[in-house]
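S.K.: One file is attached below, protein29.txt, containing compact mmCIF, C-alpha atoms and all ligand atoms.
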# COMPACT_ATOMS: atom_id res chain seq x y z
CA MET A 1 -23.62 -11.54 -25.23
CA ASN A 2 -21.85 -12.51 -28.46
CA LEU A 3 -20.42 -15.95 -27.83
CA PRO A 4 -17.57 -16.99 -30.14
CA GLU A 5 -18.52 -19.19 -33.05
CA PHE A 6 -19.18 -22.87 -32.23
CA ALA A 7 -20.08 -22.42 -28.57
CA THR A 8 -21.80 -25.30 -26.81
CA THR A 9 -22.10 -26.11 -23.12
CA ARG A 10 -18.97 -28.29 -23.46
CA THR A 11 -16.84 -26.29 -25.87
CA LEU A 12 -15.90 -22.70 -26.60
CA ASN A 13 -13.92 -22.38 -29.81
CA ASN A 14 -12.21 -19.38 -31.40
CA CYS A 15 -11.89 -17.34 -28.20
CA PRO A 16 -9.64 -14.34 -28.93
CA ALA A 17 -6.85 -13.29 -26.59
CA PRO A 18 -6.08 -9.82 -27.96
CA ALA A 19 -2.85 -7.86 -27.67
CA LYS A 20 -2.46 -4.65 -25.70
CA LEU A 21 -0.36 -1.62 -26.44
CA ASN A 22 0.92 0.69 -23.71
CA LEU A 23 0.19 4.10 -25.27
CA PHE A 24 2.56 5.52 -22.66
CA LEU A 25 4.24 3.96 -19.65
CA HIS A 26 5.66 6.00 -16.79
CA VAL A 27 7.59 4.40 -13.95
CA THR A 28 6.78 6.50 -10.88
CA GLY A 29 8.33 4.45 -8.08
CA ARG A 30 9.19 1.04 -6.72
CA ARG A 31 7.45 -1.08 -4.08
CA PRO A 32 9.39 -2.69 -1.20
CA ASP A 33 8.95 -6.09 -2.96
CA GLY A 34 10.81 -4.76 -6.03
CA TYR A 35 7.74 -4.42 -8.30
CA HIS A 36 7.50 -1.05 -10.00
CA LEU A 37 4.73 1.51 -9.67
CA LEU A 38 3.49 2.53 -13.08
CA GLN A 39 1.10 4.83 -14.82
CA THR A 40 0.07 3.62 -18.24
CA VAL A 41 -2.74 3.67 -20.78
CA PHE A 42 -3.65 0.19 -21.96
CA GLN A 43 -5.10 -0.04 -25.47
CA LEU A 44 -6.75 -3.24 -26.77
CA VAL A 45 -6.09 -4.04 -30.45
CA ASP A 46 -7.56 -6.61 -32.82
CA PHE A 47 -4.41 -8.74 -33.14
CA SER A 48 -4.99 -11.93 -31.15
CA ASP A 49 -4.12 -15.45 -30.17
CA LEU A 50 -7.09 -17.84 -30.57
CA LEU A 51 -7.95 -20.37 -27.88
CA HIS A 52 -10.25 -23.39 -28.02
CA PHE A 53 -11.66 -25.04 -24.89
CA GLU A 54 -13.28 -28.43 -24.40
CA VAL A 55 -14.52 -29.53 -20.99
CA ARG A 56 -13.14 -32.80 -19.58
CA ALA A 57 -15.10 -34.63 -16.92
CA ASP A 58 -11.99 -36.11 -15.28
CA GLY A 59 -10.64 -32.84 -13.88
CA GLN A 60 -7.42 -32.88 -15.94
CA VAL A 61 -6.18 -29.66 -17.53
CA ARG A 62 -4.19 -30.28 -20.71
CA ARG A 63 -2.75 -27.97 -23.33
CA THR A 64 -3.11 -29.86 -26.58
CA THR A 65 -0.89 -27.56 -28.68
CA GLU A 66 2.89 -27.41 -28.42
CA ILE A 67 4.31 -23.91 -27.72
CA PRO A 68 8.09 -24.01 -28.34
CA GLY A 69 9.96 -22.83 -25.25
CA VAL A 70 6.90 -22.88 -22.98
CA PRO A 71 6.44 -26.21 -21.14
CA GLN A 72 2.83 -27.01 -20.13
CA GLU A 73 3.47 -26.62 -16.41
CA SER A 74 4.74 -23.04 -16.74
CA ASP A 75 2.22 -22.00 -19.39
CA LEU A 76 0.05 -19.18 -18.09
CA ILE A 77 -2.95 -20.87 -19.74
CA VAL A 78 -2.52 -24.05 -17.72
CA ARG A 79 -1.67 -22.12 -14.55
CA ALA A 80 -4.78 -19.95 -14.98
CA ALA A 81 -7.01 -23.02 -15.41
CA ARG A 82 -5.59 -24.69 -12.28
CA LEU A 83 -5.93 -21.49 -10.25
CA LEU A 84 -9.58 -21.29 -11.27
CA GLN A 85 -10.16 -24.95 -10.38
CA ASN A 86 -8.81 -24.26 -6.88
CA ALA A 87 -10.91 -21.12 -6.48
CA ILE A 88 -14.06 -23.00 -7.52
CA HIS A 89 -13.22 -25.82 -5.14
CA ASP A 90 -12.68 -23.34 -2.26
CA ARG A 91 -16.01 -21.72 -3.03
CA THR A 92 -18.23 -24.74 -3.56
CA GLY A 93 -16.35 -27.60 -1.92
CA ALA A 94 -16.82 -29.54 -5.17
CA ALA A 95 -14.05 -30.44 -7.63
CA ALA A 96 -14.18 -28.40 -10.84
CA PRO A 97 -14.12 -30.21 -14.21
CA GLY A 98 -11.02 -30.13 -16.40
CA ALA A 99 -10.35 -28.95 -19.95
CA ASP A 100 -8.39 -29.59 -23.13
CA ILE A 101 -7.08 -26.27 -24.38
CA ALA A 102 -5.71 -25.65 -27.86
CA ILE A 103 -4.10 -22.40 -28.94
CA GLU A 104 -3.26 -20.70 -32.20
CA LYS A 105 -0.33 -18.54 -31.10
CA ASN A 106 -0.08 -15.41 -33.21
CA LEU A 107 1.30 -12.88 -30.74
CA PRO A 108 5.10 -12.82 -30.51
CA MET A 109 6.44 -13.82 -27.08
CA GLY A 110 8.48 -11.29 -25.14
CA GLY A 111 7.00 -8.67 -27.41
CA GLY A 112 5.43 -6.31 -24.89
CA LEU A 113 2.01 -7.13 -26.35
CA GLY A 114 0.93 -9.00 -23.22
CA GLY A 115 0.31 -12.26 -25.08
CA GLY A 116 0.81 -14.67 -22.18
CA SER A 117 -1.25 -12.46 -19.85
CA SER A 118 -4.02 -12.18 -22.41
CA ASP A 119 -4.06 -15.98 -22.92
CA ALA A 120 -4.43 -16.36 -19.14
CA ALA A 121 -7.29 -13.84 -18.98
CA THR A 122 -9.14 -15.51 -21.87
CA THR A 123 -8.71 -18.87 -20.13
CA LEU A 124 -10.17 -17.50 -16.89
CA MET A 125 -13.17 -15.97 -18.69
CA ALA A 126 -13.90 -18.98 -20.91
CA LEU A 127 -13.52 -21.67 -18.23
CA ASN A 128 -15.42 -19.68 -15.60
CA HIS A 129 -18.24 -19.70 -18.16
CA LEU A 130 -17.94 -23.37 -19.22
CA TRP A 131 -17.44 -24.68 -15.69
CA GLN A 132 -20.18 -22.38 -14.37
CA GLY A 133 -17.74 -21.17 -11.74
CA GLY A 134 -19.81 -18.07 -11.01
CA LEU A 135 -16.79 -15.89 -10.19
CA SER A 136 -17.34 -12.18 -10.80
CA ARG A 137 -15.10 -10.02 -12.95
CA GLU A 138 -13.53 -8.54 -9.79
CA GLU A 139 -12.87 -11.99 -8.32
CA LEU A 140 -11.21 -13.12 -11.55
CA MET A 141 -9.09 -9.94 -11.59
CA VAL A 142 -7.78 -10.74 -8.09
CA LEU A 143 -6.96 -14.30 -9.21
CA GLY A 144 -5.37 -13.04 -12.44
CA LEU A 145 -2.98 -10.70 -10.64
CA GLN A 146 -1.27 -13.77 -9.17
CA LEU A 147 -0.33 -14.75 -12.73
CA GLY A 148 0.99 -11.41 -13.96
CA ALA A 149 0.66 -7.66 -13.65
CA ASP A 150 -1.08 -7.34 -17.05
CA VAL A 151 -3.75 -10.03 -16.48
CA PRO A 152 -6.28 -7.86 -14.54
CA PHE A 153 -6.42 -5.39 -17.42
CA PHE A 154 -7.53 -8.03 -19.94
CA LEU A 155 -10.24 -9.18 -17.50
CA PHE A 156 -11.31 -5.56 -16.94
CA GLY A 157 -12.10 -5.73 -20.64
CA ARG A 158 -11.88 -2.05 -21.61
CA ASN A 159 -9.18 0.42 -22.46
CA ALA A 160 -7.90 1.88 -19.24
CA PHE A 161 -5.67 4.25 -17.37
CA ALA A 162 -3.74 2.01 -14.98
CA GLU A 163 -1.79 2.67 -11.81
CA GLY A 164 -0.23 0.58 -9.05
CA ILE A 165 1.62 -2.26 -10.78
CA GLY A 166 -1.07 -2.14 -13.45
CA GLU A 167 -3.97 -3.51 -11.42
CA SER A 168 -5.67 -0.25 -10.42
CA LEU A 169 -7.76 0.48 -13.49
CA GLN A 170 -10.04 3.28 -14.66
CA LYS A 171 -12.01 3.01 -17.88
CA LEU A 172 -10.79 5.35 -20.61
CA ASP A 173 -12.16 6.07 -24.07
CA THR A 174 -9.27 6.20 -26.52
CA PRO A 175 -9.19 7.37 -30.16
CA GLY A 176 -9.99 4.69 -32.75
CA LEU A 177 -6.54 4.60 -34.30
CA TRP A 178 -4.97 2.12 -36.72
CA PHE A 179 -1.60 0.86 -35.59
CA VAL A 180 1.45 -0.49 -37.35
CA ILE A 181 3.28 -2.85 -34.99
CA ILE A 182 6.85 -3.99 -35.72
CA GLN A 183 8.61 -6.93 -34.05
CA PRO A 184 12.29 -6.02 -34.44
CA GLY A 185 13.45 -9.64 -34.20
CA VAL A 186 14.46 -9.82 -30.55
CA THR A 187 12.71 -11.21 -27.47
CA ILE A 188 12.99 -9.12 -24.32
CA PRO A 189 12.44 -10.58 -20.84
CA THR A 190 10.38 -8.08 -18.82
CA ALA A 191 12.42 -8.58 -15.62
CA LEU A 192 15.67 -7.67 -17.42
CA ILE A 193 14.40 -4.19 -18.27
CA PHE A 194 12.79 -3.49 -14.87
CA SER A 195 15.95 -4.53 -13.03
CA SER A 196 18.29 -2.24 -15.02
CA SER A 197 20.33 0.30 -13.05
CA GLU A 198 19.74 2.69 -15.96
CA LEU A 199 15.95 2.76 -15.50
CA THR A 200 14.41 6.09 -14.46
CA ARG A 201 11.97 5.31 -11.64
CA SER A 202 10.85 8.80 -10.67
CA THR A 203 8.62 10.19 -13.41
CA LYS A 204 6.25 12.73 -11.88
CA PRO A 205 2.76 11.22 -11.55
CA VAL A 206 0.13 12.59 -13.95
CA LYS A 207 -3.60 12.89 -13.36
CA MET A 208 -6.02 11.18 -15.71
CA THR A 209 -7.34 14.64 -16.59
CA ASP A 210 -3.85 15.75 -17.72
CA PHE A 211 -4.26 14.14 -21.11
CA SER A 212 -6.93 14.79 -23.65
CA ILE A 213 -8.64 11.56 -24.63
CA ALA A 214 -9.98 13.20 -27.77
CA SER A 215 -6.46 14.02 -28.93
CA LYS A 216 -5.12 11.83 -31.68
CA LYS A 217 -1.58 12.54 -30.46
CA LEU A 218 0.07 10.09 -28.10
CA PHE A 219 0.66 11.40 -24.61
CA GLY A 220 3.73 10.83 -22.44
CA LYS A 221 6.60 8.42 -23.08
CA ASN A 222 7.67 4.89 -22.29
CA ASP A 223 10.29 4.97 -19.51
CA LEU A 224 11.31 1.39 -20.34
CA GLU A 225 12.14 2.35 -23.94
CA PRO A 226 15.59 3.98 -23.51
CA VAL A 227 16.73 1.02 -21.39
CA ALA A 228 15.51 -1.55 -23.93
CA ALA A 229 16.83 0.47 -26.89
CA ARG A 230 20.31 0.64 -25.33
CA GLN A 231 20.45 -3.10 -24.61
CA PHE A 232 18.80 -4.12 -27.89
CA PRO A 233 19.96 -1.97 -30.85
CA GLU A 234 17.30 -3.67 -33.01
CA VAL A 235 14.64 -1.88 -30.96
CA ALA A 236 16.40 1.47 -31.42
CA ASP A 237 16.58 0.81 -35.19
CA ALA A 238 12.87 0.00 -35.44
CA ILE A 239 11.89 3.13 -33.46
CA LYS A 240 14.11 5.25 -35.66
CA TRP A 241 12.64 3.77 -38.85
CA LEU A 242 8.99 3.95 -37.75
CA GLY A 243 9.61 7.43 -36.28
CA LYS A 244 10.00 8.74 -39.84
CA HIS A 245 6.28 8.05 -40.32
CA GLY A 246 4.83 9.33 -37.02
CA ASP A 247 5.10 9.19 -33.25
CA ALA A 248 6.73 5.76 -32.81
CA ARG A 249 7.31 4.12 -29.47
CA MET A 250 7.82 0.83 -27.72
CA THR A 251 5.02 -1.09 -25.97
CA GLY A 252 5.52 -2.48 -22.45
CA SER A 253 9.05 -3.75 -21.89
CA GLY A 254 9.48 -4.34 -25.63
CA ALA A 255 10.48 -5.59 -28.05
CA CYS A 256 7.57 -4.45 -30.30
CA VAL A 257 7.30 -0.85 -31.41
CA PHE A 258 4.20 0.83 -32.80
CA CYS A 259 2.84 3.95 -34.41
CA GLY A 260 -0.80 5.09 -34.55
CA PHE A 261 -2.60 6.52 -37.60
CA THR A 262 -6.05 8.08 -37.93
CA GLN A 263 -6.67 6.52 -41.36
CA GLU A 264 -6.40 2.84 -42.26
CA GLU A 265 -4.83 3.78 -45.62
CA GLN A 266 -1.94 5.54 -43.85
CA ALA A 267 -1.25 2.39 -41.84
CA ASP A 268 -1.43 0.28 -45.04
CA GLU A 269 1.08 2.58 -46.78
CA VAL A 270 3.58 2.37 -43.91
CA LEU A 271 3.09 -1.39 -43.51
CA LYS A 272 4.08 -1.87 -47.16
CA LEU A 273 7.34 0.01 -46.56
CA VAL A 274 8.49 -1.95 -43.49
CA PRO A 275 11.89 -3.55 -44.27
CA ASN A 276 11.46 -7.30 -44.68
CA ARG A 277 14.02 -8.10 -41.97
CA TRP A 278 11.21 -7.32 -39.49
CA LYS A 279 7.78 -8.85 -38.96
CA ALA A 280 5.02 -6.26 -38.95
CA TRP A 281 1.25 -6.15 -38.57
CA LYS A 282 -1.62 -3.69 -38.86
CA ALA A 283 -4.05 -3.64 -35.94
CA LYS A 284 -7.15 -1.61 -35.15
CA ALA A 285 -7.94 -0.13 -31.77
CA MET A 286 -10.78 -1.98 -30.01
CA GLN A 287 -12.93 -0.39 -27.32
CA GLU A 288 -13.91 -3.67 -25.62
CA HIS A 289 -12.47 -7.12 -25.08
CA PRO A 290 -14.27 -9.51 -27.49
CA LEU A 291 -15.18 -11.80 -24.55
CA ALA A 292 -16.30 -8.97 -22.24
CA GLY A 293 -19.88 -10.24 -22.59
CA LEU A 294 -19.00 -13.48 -20.78
CA LEU A 295 -18.88 -11.50 -17.51
CA ASP A 296 -21.41 -9.14 -16.01
CA ARG A 297 -20.47 -5.49 -15.70
C1 LIG A 301 5.60 -3.97 -18.76
C2 LIG A 301 4.13 -4.33 -18.68
O1 LIG A 301 3.78 -5.21 -19.73
C3 LIG A 301 3.30 -3.06 -18.86
O2 LIG A 301 1.97 -3.33 -19.18
C4 LIG A 301 3.81 -4.99 -17.38
O3 LIG A 301 4.14 -4.13 -16.32
C5 LIG A 301 4.50 -6.33 -17.22
O4 LIG A 301 3.50 -7.23 -16.88
P1 LIG A 301 3.76 -8.81 -16.88
O5 LIG A 301 4.48 -9.23 -18.12
O6 LIG A 301 2.42 -9.43 -16.56
O7 LIG A 301 4.79 -8.92 -15.74
P2 LIG A 301 4.94 -9.98 -14.56
O8 LIG A 301 4.98 -11.34 -15.14
O9 LIG A 301 3.97 -9.63 -13.47
O10 LIG A 301 6.40 -9.56 -14.06
C6 LIG A 301 7.60 -9.96 -14.68
C7 LIG A 301 8.74 -9.26 -13.93
O11 LIG A 301 8.79 -7.87 -14.29
C8 LIG A 301 9.05 -7.06 -13.15
N1 LIG A 301 7.93 -6.11 -12.96
C9 LIG A 301 6.74 -6.33 -13.58
C10 LIG A 301 5.69 -5.43 -13.43
C11 LIG A 301 5.91 -4.30 -12.60
N2 LIG A 301 4.95 -3.39 -12.42
N3 LIG A 301 7.10 -4.11 -12.00
C12 LIG A 301 8.12 -5.00 -12.16
O12 LIG A 301 9.19 -4.80 -11.61
C13 LIG A 301 9.26 -8.00 -11.99
O13 LIG A 301 10.63 -8.23 -11.90
C14 LIG A 301 8.58 -9.27 -12.43
O14 LIG A 301 9.17 -10.41 -11.86
N1 LIG A 302 0.65 -18.83 -23.04
C1 LIG A 302 1.81 -18.17 -23.08
N2 LIG A 302 2.10 -17.43 -24.13
C2 LIG A 302 3.25 -16.73 -24.18
N3 LIG A 302 4.19 -16.74 -23.24
C3 LIG A 302 3.95 -17.48 -22.15
C4 LIG A 302 2.76 -18.22 -22.03
N4 LIG A 302 2.80 -18.84 -20.85
C5 LIG A 302 3.97 -18.51 -20.28
N5 LIG A 302 4.68 -17.69 -21.05
C6 LIG A 302 6.00 -17.12 -20.71
O1 LIG A 302 5.87 -15.70 -20.57
C7 LIG A 302 6.95 -15.02 -21.22
C8 LIG A 302 6.47 -13.65 -21.67
O2 LIG A 302 5.61 -13.82 -22.75
P1 LIG A 302 4.59 -12.70 -23.23
O3 LIG A 302 4.25 -12.98 -24.64
O4 LIG A 302 3.47 -12.55 -22.29
O5 LIG A 302 5.54 -11.43 -23.15
P2 LIG A 302 5.22 -9.94 -23.30
O6 LIG A 302 4.30 -9.71 -24.45
O7 LIG A 302 6.54 -9.23 -23.31
O8 LIG A 302 4.45 -9.60 -22.00
P3 LIG A 302 4.28 -8.20 -21.28
O9 LIG A 302 3.83 -7.21 -22.26
O10 LIG A 302 3.22 -8.58 -20.30
O11 LIG A 302 5.63 -7.91 -20.67
C9 LIG A 302 7.36 -15.96 -22.35
O12 LIG A 302 8.71 -15.80 -22.70
C10 LIG A 302 7.06 -17.34 -21.80
O13 LIG A 302 8.19 -17.89 -21.17
Once more with this new file: its structure as structure tokens, please.

M.R.:
Amino acid sequence: MNLPEFATTRTLNNCPAPAKLNLFLHVTGRRPDGYHLLQTVFQLVDFSDLLHFEVRADGQVRRTTEIPGVPQESDLIVRAARLLQNAIHDRTGAAAPGADIAIEKNLPMGGGLGGGSSDAATTLMALNHLWQGGLSREELMVLGLQLGADVPFFLFGRNAFAEGIGESLQKLDTPGLWFVIIQPGVTIPTALIFSSSELTRSTKPVKMTDFSIASKKLFGKNDLEPVAARQFPEVADAIKWLGKHGDARMTGSGACVFCGFTQEEQADEVLKLVPNRWKAWKAKAMQEHPLAGLLDR
């Protein structure tokens, strides 16, 4: 297990919470509770928030960094920590310790990169380790689903073909591409896109064997993209611009758009050309979550 730098029994510093890209995202139906049934391929990339944890003996959970627009009580990091405290208490009858949690927020919010979900998953993995909670990966995935549909994937820790609302996961080897990711300058609330009357909810289900994992070409489409592009012209503009350089598409419910390249130099060239009205990053495909070693397979 490769622990992040500066790990002690009381602290875990520099814990990455990486972004995900949805290489495709098909909406195949809707559950009676309104949640949508999806098929998607989740790809981990090396563009991350960084979290730092320090155990507190008094049981308090505190976020020590300000995140504009996200009050402590609604922060998925704080909610994840409290959920884990309760689970440990239910299991052992003893009160779990607390933690001070600092975060270096790099991932844009409402970007479709799963930032909040990834922060929550990293919190569950790190504190389960520090607090010696003893929860298994599967138990943490069940807890994580209460926080958001993307959280189980980050705990699963590998690129995956996902079904259900994103919680039914099968490991998938994906090509080691380099991505250019553009944030077109808007923030898109996930619920707004899923609730649109214009959303197509009946894409024919595919089988995992339908797409070649060796292929460097992206498979499928993102059904949320036309809805987001219509409501947010900035997204349409970014797809159009990036589409001149390859197969560009939106991730999740937006707003970020991405394009994959086989060579790092190609990604560097395109990154240099991105108009400066947009933020943009280069990110490399990862095969495993950097904290995957904190949990047994
Ligand atoms: C779009 C994706 O990012 C694709 O990976 C996820 O499906 C969204 O995952 P998430 O951000 O963790 O979403 P959640 O916080 O669980 O849900 C936000 C809102 O999006 C809608 N939602 C979300 C996921 C889903 N499969 N169907 C939905 O209809 C629901 O209205 C929900 O209230
Ligand atoms: N730690 C957190 N980091 C970011 N957002 C958070 C956090 N905790 C709660 N949130 C809330 O979650 C919302 C969605 O943020 P997030 O960055 O996860 O969006 P996203 O990348 O579009 O997610 P997804 O791809 O899962 O739809 C934010 O607008 C914010 O209100």

S.K.: Build an axis-aligned box that encloses every atom of ligand LIG 301 (chain A) listed in the file, pad it by 6 Å on each side, and report its centre and edge lengths in Å to one decimal, as lines of an AutoDock Vina configuration file.

M.R.:
center_x = 6.3
center_y = -7.2
center_z = -15.7
size_x = 20.7
size_y = 20.3
size_z = 20.1

S.K.: Write as a ChimeraX atom specification the residues around ligand LIG 302 (chain A), taking 7 Å as the cut-off and counting all atoms listed in the file.

M.R.: /A:69-70,74-77,107-117,119-120,150,188-190,252-254

S.K.: So which residues touch A:Met286 within 12 Å, counting all atoms listed in the file, skipping near sequence neighbours fewer than 6 positions away, as JSON, numbers by chain?

M.R.: {"A": [18, 19, 20, 21, 42, 43, 44, 45, 46, 47, 48, 157, 158, 159, 160, 172, 173, 174, 175, 176, 177, 178, 179, 292]}

S.K.: Using all atoms listed in the file, can you tell me which of A:Gln231, A:Leu273, A:Gly148, A:Asp268 comes closest to A:Lys244?

M.R.: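 That would be A:Leu273, the residue with the smallest distance to A:Lys244.
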
S.K.: Can you tell me which residues surround A:Asn14 at a distance of at most 12 Å, considering only C-alpha atoms, apart from same-chain residues fewer than 3 positions away, and format the answer as a PyMOL selection string?

M.R.: chain A and resi 3-7+11+17-18+48-54+101-105+122-123+126+290-291

S.K.: Could you check how far atom CA of A:Glu66 sits from atom CA of A:Ala99, in Å to one decimal?

M.R.: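 The value is 15.8 Å.
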
S.K.: Could you work out how far atom P1 of ligand LIG 301 (chain A) lies from atom CA of A:Cys15, giving the answer in Å with one decimal?

M.R.: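 Value for the atom CA of A:Cys15-atom P1 of ligand LIG 301 (chain A) distance: 21.1 Å.
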
S.K.: Go ahead and find all residues with at least one atom no further than 12 Å from (-8.3, -7.7, -9.5) in the file's coordinates, using all atoms listed in the file; report them as a compact mmCIF listing (two decimals) with C-alpha atoms, in the coordinates of the input.

M.R.:
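Written file, selection.txt:
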# COMPACT_ATOMS: atom_id res chain seq x y z
CA ALA A 121 -7.29 -13.84 -18.98
CA LEU A 135 -16.79 -15.89 -10.19
CA SER A 136 -17.34 -12.18 -10.80
CA ARG A 137 -15.10 -10.02 -12.95
CA GLU A 138 -13.53 -8.54 -9.79
CA GLU A 139 -12.87 -11.99 -8.32
CA LEU A 140 -11.21 -13.12 -11.55
CA MET A 141 -9.09 -9.94 -11.59
CA VAL A 142 -7.78 -10.74 -8.09
CA LEU A 143 -6.96 -14.30 -9.21
CA GLY A 144 -5.37 -13.04 -12.44
CA LEU A 145 -2.98 -10.70 -10.64
CA GLN A 146 -1.27 -13.77 -9.17
CA LEU A 147 -0.33 -14.75 -12.73
CA GLY A 148 0.99 -11.41 -13.96
CA ALA A 149 0.66 -7.66 -13.65
CA ASP A 150 -1.08 -7.34 -17.05
CA VAL A 151 -3.75 -10.03 -16.48
CA PRO A 152 -6.28 -7.86 -14.54
CA PHE A 153 -6.42 -5.39 -17.42
CA PHE A 154 -7.53 -8.03 -19.94
CA LEU A 155 -10.24 -9.18 -17.50
CA PHE A 156 -11.31 -5.56 -16.94
CA GLY A 157 -12.10 -5.73 -20.64
CA GLY A 164 -0.23 0.58 -9.05
CA ILE A 165 1.62 -2.26 -10.78
CA GLY A 166 -1.07 -2.14 -13.45
CA GLU A 167 -3.97 -3.51 -11.42
CA SER A 168 -5.67 -0.25 -10.42
CA LEU A 169 -7.76 0.48 -13.49

S.K.: If I put a ball of radius 8 Å at (-6.6, -32.0, -30.1) in the file's coordinates, which residues poke into it when counting all atoms listed in the file, written as a count of residues only?

M.R.: 4

S.K.: Pick out the closest residue to A:Gly134 from this set: A:His89, A:Lys171, A:His26, A:Lys279. Count only C-alpha atoms.

M.R.: A:His89

S.K.: Hey, which of A:Val55, A:Val274, A:Ala191, A:Val227 ends up closest to ligand LIG 301 (chain A)? Count all atoms listed in the file.

M.R.: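 Counting all atoms listed in the file, the residue closest to ligand LIG 301 (chain A) is A:Ala191.
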
S.K.: Return the single residue from A:Gly98, A:Pro233, A:Pro184, A:Gly29 that is closest to ligand LIG 301 (chain A), with distances computed using all atoms listed in the file.

M.R.: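 Looking at the shortest contact to ligand LIG 301 (chain A), the residue is A:Gly29.
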
S.K.: Which residues, written as a list in words, have at least one atom at most 8 Å from A:Val78, with all atoms listed in the file counted and residues fewer than 3 positions away on the same chain left out?

M.R.: Val61, Arg62, Arg63, Gln72, Glu73, Ser74, Asp75, Ala81 and Arg82 of chain A

S.K.: Using only C-alpha atoms for the distances, tell me which of A:Gln60, A:Thr9, A:Gln39, A:Gln183 is nearest to A:Trp131.

M.R.: A:Thr9

S.K.: Which of these, A:Leu294, A:Leu25, A:Val235, A:Leu12, has the shortest distance to A:Glu163 once you count only C-alpha atoms?

M.R.: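 Closest to A:Glu163 of all the choices is A:Leu25.
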
S.K.: Using Å and a single decimal, report how far atom CA of A:Met250 sits from atom CA of A:Glu225.

M.R.: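 It comes out at 5.9 Å.
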